[in-house]
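Let me begin by presenting the structure, written as structure tokens, before commenting on it.
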Amino acid sequence: MKPKCKICGKDDKGLSSILGKDFVDDLVYGLFNPESLPSEEEQKIDIENLIQNHLSETEEGSEEHDDYLISLTSRCLEDYYKKVIRLKRAKEKAWKDIVEKLEKGELKPSNLPLKQMIEILPEILAEELRKENLLELVSERHPFSGLYDRYYVFTPEGQKIIAQKVLEEAFMNLEKYGIGLHEINETGTGTYPSYIIREYDEFLHSYDNLDIQETLVSTASRDPVNMKILESDLRARIPLDKAKSSNAILIDKSSSMYGRKIKGAIMAALGLKELLEMNYKEDALHIIAFDYKPYLISPNEIIQLRANGSTDIGYALDFARKILAKEDGNKNIFLITDSEPTISYYPWQTPLQSALRASYLAGREGIRMNIMMLDNNLILRDICDEMARMNGNSTVTFIDDPLNLKEFVIKSFIDHKRKLRMYQ
């Protein structure tokens, strides 16, 4: 909770202290992905009615601030700006009413219609999230007009919340196909310790699996005075499957990836990054965006990707291959695109020839390709099949809804991990 205001002595309560962390997390994810919000909500409070009530109470041009703003505009826009100012004030008063009801216990966060709040009060919520360090207000000068655009972007803390929500949503959807979070923590013959503790079984475990600390805890709970260790006290720590992998996710950010496609690619990258950070910390992940040219992006830049440019798949594959050449373990490329290659940085090769050559070279270096195509026409099918054939160790997946891309990327990664475990 934020400290008391030094001027007025009142508590400067943040959004998390008013609504709770879970609600704020849902709010952050709802701003990023409004399609995740329920279409129908049980409304215990109607925000639109609150705003209308305050609009009827507000007098037009009642303050000097109004007149000053209006004087900066032509008289023909006077009525418009008066309405804008009145609506802004009515929304602020409605938000104040909501906060007061929450603080008095007359309203619970679960009673608030999240979708309606985001649709009607986005500016107020964005400013509150900025105070929580989950959004940041940035100014960017337009190269032609010279004017400054001001907009909000998610901070690293906000992006972390989104990544966790993306992964959670992906596993909820994958449960429908029989793949859940529990399948990540497969036991195997790896050498990395885990949180899995079992009673020692001489037929299943070696002495290397003995966990002294857990064994002593078991002994102490049974015989705290003499601390005589019995066979029944022995505990084994089971290693997780930890076949190291090095991965590169290639995100096509060309013009055709506009809208849901680039958002789906962003969500897939965030979900895979979060999965590795949670369960496969020893694995490497390189995130590469490409249009006519590929470039590495930091985890905090994923969510800022915008679609623009042409598509050079061959250049992107070569770029990823050179990065993975410096890595250990099994190597994977996740190629996310929605079109055929349209440009080639090799002047003596067509865009398609460059993509096929790069697929072949990746295969020769033992790099497995996972081609995720966000279109399903016959020409693209033939191109993907030929790229897979040239690579020699590829999977090709055609995704109808880009927002489901994250499930396919995560499923592909987990399935490959399980196959590696079987051959250890």
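FYI, nothing fancy with the structure tokens labels: chains A, B, ... in order, residues from 1 per chain, ligands from 1 as they appear.
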DSSP says strand (DSSP E) for which residues of region 242-283 of chain A? Put them as a PyMOL selection string?
chain A and resi 245-252
List as a list in words the protein and nucleic acid residues near Lys131 (chain A), meaning an atom at most 9 Å away when only C-alpha atoms are counted, but skip any in the same chain fewer than 5 places from it.
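Counting only the stated atoms, we get Gly14, Leu15, Ala126 and Glu136 of chain A.
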For Glu127 (chain A), list every protein, DNA or RNA residue within 9 Å, evaluated using only C-alpha atoms, and leave out those in the same chain fewer than 4 positions away; present the list as a list in words.
Pro122, Glu123, Lys131, Glu132, Leu135, Glu136, Leu137 and Tyr152 of chain A
Keeping only N, CA and C atoms, write those residues as a compact mmCIF listing (two decimals), in the first residue's frame.
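Saved the output as selection37.txt:
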# COMPACT_ATOMS: atom_id res chain seq x y z
N PRO A 122 -11.45 3.63 -19.90
CA PRO A 122 -10.07 3.21 -20.20
C PRO A 122 -9.03 4.24 -19.77
N GLU A 123 -9.33 5.54 -19.93
CA GLU A 123 -8.33 6.55 -19.57
C GLU A 123 -8.08 6.58 -18.07
N LYS A 131 0.10 4.49 -12.03
CA LYS A 131 0.53 4.71 -10.65
C LYS A 131 1.02 3.41 -10.02
N GLU A 132 0.51 2.28 -10.51
CA GLU A 132 0.93 0.97 -10.00
C GLU A 132 2.19 0.46 -10.70
N LEU A 135 1.68 0.36 -16.26
CA LEU A 135 1.66 1.06 -17.55
C LEU A 135 2.59 2.25 -17.46
N GLU A 136 3.08 2.67 -18.61
CA GLU A 136 3.96 3.83 -18.68
C GLU A 136 3.48 4.75 -19.80
N LEU A 137 3.43 6.03 -19.52
CA LEU A 137 3.01 7.02 -20.52
C LEU A 137 4.25 7.52 -21.26
N TYR A 152 0.06 4.98 -23.84
CA TYR A 152 0.50 4.11 -22.76
C TYR A 152 1.12 2.82 -23.32
Between CA of Ala236 (chain A) and CA of Gly329 (chain A), measure the distance and give it in Å to one decimal.
27.2 Å
Per residue of region 112-169 of chain A within 9 Å of region 46-58 of chain A, note the shortest atom pair and the distance in Å to one decimal, counting only C-alpha atoms, and order the rows by chain and increasing residue number, as CSV.
residue,atom,partner,partner_atom,distance
A:Leu112,CA,A:Asp46,CA,8.7
A:Pro113,CA,A:Asp46,CA,8.1
A:Gln116,CA,A:Ile47,CA,7.4
A:Met117,CA,A:Ile47,CA,7.3
A:Ile120,CA,A:Glu48,CA,7.7
A:Leu121,CA,A:Ile47,CA,9.0
Enumerate as a PyMOL selection string all residues of region 272-424 of chain A assigned to alpha helix (DSSP H) by DSSP on the backbone, naming them with the chain letters and numbers the document uses.
chain A and resi 272-279+313-324+351-364+378-391+405-422
